[in-house]
Structure formats: C-alpha cells, structure tokens
Amino acid sequence: MDKKLRRIAAIFASGCLMAMSAAADSVSEKAKKLTHSAIVVDTHDDTTQRLLDPKFDLGVRHSDGSIDIPRMKEGGLDGIFFSIWMSGKVTGPEAVKRATAQIGAVREQVRKHPKDMVLATTAAEVRAAKKQGKIAALMGVEGGHMINSDLGVLRTYASLGVRYMTLTHSMDVEWADSSTGKAAHNGLTDFGKDVVGEMNRLGMIVDISHVSDKTFYDALAVSKAPMFASHSSCRAICDAARNMTDQMIKDLAGKGGVIQINYHVGFLSQEFRDAEKKDPSINEGISKEITTRCPDENDEACQMIEGDKITREFVTAGKLPKVNYMKIIEHLDHAVKLVGADHVGLGSDFDGANMPYGMEDATMIPKITEALLQKGYSESDIRKILGENTLRVMSEVERVSRETKSKK
C-alpha cells in the first residue's frame, strides 16, 4: 500500500473510531436496559480509603470521586469489590491493624445502608442482592504484605468476608515477587505456594494483578481454582509491567480465569506512558501539587482524588495526552479476540487511579455496554463481560474450597 492509500486508510479508521465514540457517548435505551438487567460486577475499587473518614457517607451523591450508592445505582453497578489497600512499605502488625480497620469501614457502610447494600461473600449472594435491588459489597486485600507472613491472618480476613487477595502490590513481599519489585524470590517461595493453597481451601480468589510474570506462572501451576487479574490490562497495547502479555492472558483463560480490564490511563495508553517517561518533571510536578493539597501524608483518599484532578489539569495544559474511555473498549476487545468473551471482565480501579475521559464515575458504565453493542457483541457476551464471568470464577473457587475441605 502506497503512502496516499495508507493516509486515506488512516483517516477512514480515525473517522470510524470517532463515529463509534460519538455513538457510544449517546447511550441507547437498549444499552441502558441491558446494563441494568445484567449483573454488573467491578472487581477493584479503592473507595475504601474514603470510607476511613467517619464523615464520608457512601449513601450521598458526591461531586468528586467515582463511587457512591446513588451513582452506582444510576450506572447499574450491582457488585463492587472494595479494595483493602495500603503501601507495601507498611508491613508487620501495623499492616494487619490497618487492613482490619479498612475491612471494618466497609462493613460499617453496609450496616449504615441496609436498604441499599448487603455484604456478599458468594456468587449466590451477589445474585440474591440483585434480586433484592441491593448492591453487593465484597472485599479484596490488595497485597500479600498485609498478612504478615501468617496464614492465620489470612484466615481471619476470610472470616471477615474478604474474597480475594492480590499476592503482591508494587513491592516484593517476603514470599512473592511483584511486577515492579526486585525479583528477590524468582516468583513464589515455598511459603508463597502454601498461601495459594490456603486461599484455595478458604474460597478466596487468587489475584495475580501486580505480580511478576514468574509469580503469575508459579501461582497458575499451584492453584487448583481459577484465578483472576482483578485490575490489569493488555501489555500488547500498553507496555506496562502491570499489564498481561497475550500469552499470560491465554494461559490464565486456559485454567478458567478472567482478566479484569483496568481503566487507569497509564495502563490503557502507550502514548500517555511515553509522555510520562519522556519528561520526569511531569510526575514530579503532580506529586508536589498532591503534597500541597494533601498535607497529611497518611490521607490516601485525598491523594488519590486530588491526583486524578491534577493529572487532568496537566492534560488541559497540554503537558499530557488526553485518553478517551474508548481505550477501555480497545483492551476489552483485544482480550476477547485472544481468549473469547468468557474470560474478560471489568476491574476499574475507580477512586484509585486516573480515569480516562468519558469514564469518570460509575454512572458511565452503560457506555461500555453501548460501545460493545456498536462493535457487534451479542447481549449474552456483554452480560458475561459485565459480571457473569466474575460470578463463574467465584462459583468455581467456592467449589474447589468445598472439595478441598471435604478431603481433610
């Protein structure tokens, strides 16, 4: 193809993408009805940090952030995994203490809003919540550093309702390597493999977001239950260590797992990542402004919310590229083409990352349905992506737990 033809093709493709984006922005009644009739589950939200503030009420519509009950209902979000998170620098008893406090904060919000929310620990309970017109609140611990290398702590979290654990966060733990760590253990140690086995027994999903490629394959070999990546995107589109290679996505699916696409612009857009790398002063400037607006270094909620706002200010100023929510669709579609619609889902990272334009909060979830309809996806496949795949993994993990316990 000569240069002229390539240019025409590029213009045509660009026009199609713009048309598709415009069509998706105006959500049809069909997309709205499909979203609200489906069971929509988001496997990773960092709103928990806001719940630690006793003044924050999840039942009130807020003008900032991405998640609250009114906006979840408007967007058709039926199940939400609240992330129990803290920096990997916090370890030992202090990490356990803080994690327990976050679990308590989630449970307290459910207690305060019994007409709107219910604590769920099984796929059946999520389905029951949907029938009752309530939002299912679930929990996932984001980082193995929070168990203090103690299986007893893991069991305590499970007893309190936690239903997945991300093996590492951004730093290596004592028994597993992170995707952004120093590869100190060459994957999982023997104790790390014991952790995976105990999670299988407890009925907790093994989450491989954030882990090194070697840790992923070690966990895949050990786990008797399907695993998922609670909030990871496709490395073929955006070369971030946090994202999954095509082969990893295929291997995860091969054992019944699901990749839950992350909405963070830095994991969606290669252009955005390249701009950050090209000029380190950009992130330095963002960090400095976050410190100014959030003087309390322990106020993670403020840092997350303000960080997203400041990043958008940098985009407006032309210092960073603008990323549209259709990049989410690009990652979803790429993964579906690799492994089919049975192994792809949603793990937004709402309230914990920088959202693309057009997907600022939970009210905008029907845009995903609309975009998939525009691409020719069947309603049954869209239902799978919106939540059914997650419920299937939960059910399989529960089955393995029952079988494992019955053998002992």
# chains A, B, ... in the order shown; residues from 1 in each chain; ligands from 1

$ residues_around --residues "Gly76 (chain A)" --least-positions-apart "2" --cutoff "6 Å" --atoms "only C-alpha atoms" --output "PDB file with N, CA, C and O atoms, in the first residue's frame"
ATOM      1  N   HIS A  36     -28.717  -2.553  33.040  1.00  0.00           N
ATOM      2  CA  HIS A  36     -29.468  -2.638  34.293  1.00  0.00           C
ATOM      3  C   HIS A  36     -30.124  -3.998  34.508  1.00  0.00           C
ATOM      4  O   HIS A  36     -30.444  -4.349  35.651  1.00  0.00           O
ATOM      5  N   LYS A  73     -26.057   3.042  41.533  1.00  0.00           N
ATOM      6  CA  LYS A  73     -27.397   2.654  41.087  1.00  0.00           C
ATOM      7  C   LYS A  73     -27.699   3.236  39.711  1.00  0.00           C
ATOM      8  O   LYS A  73     -28.276   2.560  38.849  1.00  0.00           O
ATOM      9  N   GLU A  74     -27.329   4.470  39.491  1.00  0.00           N
ATOM     10  CA  GLU A  74     -27.583   5.100  38.203  1.00  0.00           C
ATOM     11  C   GLU A  74     -26.845   4.382  37.073  1.00  0.00           C
ATOM     12  O   GLU A  74     -27.370   4.231  35.967  1.00  0.00           O
TER      13      GLU A  74
END

$ residues_around --residues "region 180-184 of chain A" --least-positions-apart "5" --cutoff "12 Å" --atoms "only C-alpha atoms" --output "list in words"
Gly88, Thr168, His169, Ser170, Met171, Asp172, Val173, Glu174, Trp175, Thr189, Ser209, His210, Val211, Ser212, Asp213, Lys214, Thr215, Ala240, Ala241, Arg242 and Asn243 of chain A

$ write_last_selection --atoms "C-alpha atoms" --output "PDB file, in the first residue's frame"
ATOM      1  CA  GLY A  88       3.800  -2.062  50.609  1.00  0.00           C
ATOM      2  CA  THR A 168       1.689  -8.560  45.902  1.00  0.00           C
ATOM      3  CA  HIS A 169       1.267  -4.849  45.386  1.00  0.00           C
ATOM      4  CA  SER A 170       4.032  -2.739  43.837  1.00  0.00           C
ATOM      5  CA  MET A 171       6.803  -4.134  46.056  1.00  0.00           C
ATOM      6  CA  ASP A 172       8.049  -7.689  46.595  1.00  0.00           C
ATOM      7  CA  VAL A 173       6.719  -9.351  49.737  1.00  0.00           C
ATOM      8  CA  GLU A 174       8.647 -11.869  51.812  1.00  0.00           C
ATOM      9  CA  TRP A 175       7.253 -14.752  49.774  1.00  0.00           C
ATOM     10  CA  THR A 189       8.684 -19.156  47.637  1.00  0.00           C
ATOM     11  CA  SER A 209      -2.606  -8.274  39.262  1.00  0.00           C
ATOM     12  CA  HIS A 210       0.659  -6.584  40.296  1.00  0.00           C
ATOM     13  CA  VAL A 211       2.690  -9.819  40.430  1.00  0.00           C
ATOM     14  CA  SER A 212       5.788 -10.600  38.355  1.00  0.00           C
ATOM     15  CA  ASP A 213       5.407 -12.835  35.326  1.00  0.00           C
ATOM     16  CA  LYS A 214       7.229 -15.636  37.163  1.00  0.00           C
ATOM     17  CA  THR A 215       4.966 -15.273  40.211  1.00  0.00           C
ATOM     18  CA  ALA A 240       3.313  -1.659  31.409  1.00  0.00           C
ATOM     19  CA  ALA A 241       4.740  -4.399  33.624  1.00  0.00           C
ATOM     20  CA  ARG A 242       1.410  -4.349  35.461  1.00  0.00           C
ATOM     21  CA  ASN A 243      -0.393  -5.455  32.309  1.00  0.00           C
TER      22      ASN A 243
END

$ select_by_dssp --residues "region 136-330 of chain A" --states "helix (DSSP H, G or I)" --output "MDAnalysis selection string"
chainID A and resid 144:147 151:159 190:202 213:222 246:254 265:268 270:278 280:293 300:316 326:330

$ closest_atom_pairs --of "region 214-327 of chain A" --to "region 339-349 of chain A" --cutoff "8 Å" --atoms "only C-alpha atoms" --output "CSV"
residue,atom,partner,partner_atom,distance
A:Ser230,CA,A:Gly347,CA,5.6
A:His231,CA,A:Gly347,CA,4.5
A:Ser232,CA,A:Gly347,CA,7.4
A:Ile249,CA,A:Val339,CA,7.4
A:Lys250,CA,A:Val339,CA,6.0
A:Ala253,CA,A:His343,CA,5.8
A:Gly256,CA,A:His343,CA,7.2
A:Gly257,CA,A:His343,CA,6.1
A:Val258,CA,A:His343,CA,4.3
A:Ile259,CA,A:Val344,CA,5.0
A:Gln260,CA,A:Gly345,CA,4.3
A:Ile261,CA,A:Leu346,CA,5.1
A:Asn262,CA,A:Ser348,CA,4.8
A:Tyr263,CA,A:Ser348,CA,4.9
A:His264,CA,A:Asp349,CA,6.8

$ residues_around --residues "Ala105 (chain A)" --least-positions-apart "2" --cutoff "10 Å" --atoms "only C-alpha atoms" --output "MDAnalysis selection string"
chainID A and resid 48:54 84 99:103 107:111

$ closest_residue --among "A:Ala275, A:Val153, A:Val162, A:Ile368" --to "Gly104 (chain A)" --atoms "only C-alpha atoms"
A:Val162

$ residues_around --residues "Ala124 (chain A)" --least-positions-apart "4" --cutoff "12 Å" --atoms "only C-alpha atoms" --output "PyMOL selection string"
chain A and resi 39+79+119-120+128-131+136+388+390-392+394-396+398

$ residues_around --residues "region 316-318 of chain A" --least-positions-apart "6" --cutoff "12 Å" --atoms "only C-alpha atoms" --output "list in words"
Phe272, Ala275, Ile282, Lys309, Ile310 and Tyr357 of chain A

$ write_last_selection --atoms "all heavy atoms" --output "CSV table (one decimal), in the first residue's frame"
chain,number,residue,atom,x,y,z
A,272,PHE,N,0.3,7.9,26.6
A,272,PHE,CA,0.3,8.5,27.9
A,272,PHE,C,1.6,8.1,28.7
A,272,PHE,O,2.3,8.9,29.3
A,272,PHE,CB,-0.9,8.1,28.7
A,272,PHE,CG,-1.1,8.9,30.0
A,272,PHE,CD1,-1.8,10.1,30.1
A,272,PHE,CD2,-0.5,8.5,31.2
A,272,PHE,CE1,-2.0,10.8,31.2
A,272,PHE,CE2,-0.6,9.2,32.4
A,272,PHE,CZ,-1.4,10.3,32.4
A,275,ALA,N,4.7,9.8,27.3
A,275,ALA,CA,4.8,11.2,27.7
A,275,ALA,C,5.3,11.3,29.1
A,275,ALA,O,6.1,12.2,29.4
A,275,ALA,CB,3.4,11.8,27.6
A,282,ILE,N,7.1,15.9,34.9
A,282,ILE,CA,5.6,15.9,34.9
A,282,ILE,C,5.1,15.2,36.2
A,282,ILE,O,4.3,15.8,37.0
A,282,ILE,CB,5.0,15.2,33.7
A,282,ILE,CG1,5.3,16.1,32.4
A,282,ILE,CG2,3.5,15.0,33.8
A,282,ILE,CD1,4.9,15.4,31.1
A,309,LYS,N,-7.5,14.7,39.7
A,309,LYS,CA,-7.8,16.1,39.3
A,309,LYS,C,-6.6,16.8,38.7
A,309,LYS,O,-6.7,17.5,37.7
A,309,LYS,CB,-8.3,16.9,40.5
A,309,LYS,CG,-9.7,16.4,41.1
A,309,LYS,CD,-10.0,17.3,42.3
A,309,LYS,CE,-11.4,16.9,42.9
A,309,LYS,NZ,-11.7,17.7,44.1
A,310,ILE,N,-5.4,16.6,39.4
A,310,ILE,CA,-4.2,17.3,39.0
A,310,ILE,C,-3.8,16.8,37.6
A,310,ILE,O,-3.3,17.5,36.8
A,310,ILE,CB,-3.1,17.2,40.0
A,310,ILE,CG1,-3.5,17.9,41.3
A,310,ILE,CG2,-1.8,17.8,39.5
A,310,ILE,CD1,-2.7,17.5,42.6
A,357,TYR,N,-11.2,10.1,30.0
A,357,TYR,CA,-12.3,11.0,29.7
A,357,TYR,C,-13.5,10.2,29.2
A,357,TYR,O,-13.4,9.3,28.4
A,357,TYR,CB,-11.9,12.1,28.7
A,357,TYR,CG,-11.0,13.1,29.3
A,357,TYR,CD1,-9.6,12.9,29.6
A,357,TYR,CD2,-11.5,14.4,29.7
A,357,TYR,CE1,-8.8,13.9,30.1
A,357,TYR,CE2,-10.7,15.4,30.3
A,357,TYR,CZ,-9.4,15.1,30.5
A,357,TYR,OH,-8.6,16.1,31.1

$ atom_distance --atom1 "CA of Ile382 (chain A)" --atom2 "CA of Thr369 (chain A)"
6.8 Å

$ residues_around --residues "Asp64 (chain A)" --least-positions-apart "5" --cutoff "10 Å" --atoms "only C-alpha atoms" --output "PyMOL selection string"
chain A and resi 305-306+309+351+360-361

$ atom_distance --atom1 "CA of Ser380 (chain A)" --atom2 "CA of Asp333 (chain A)"
15.2 Å
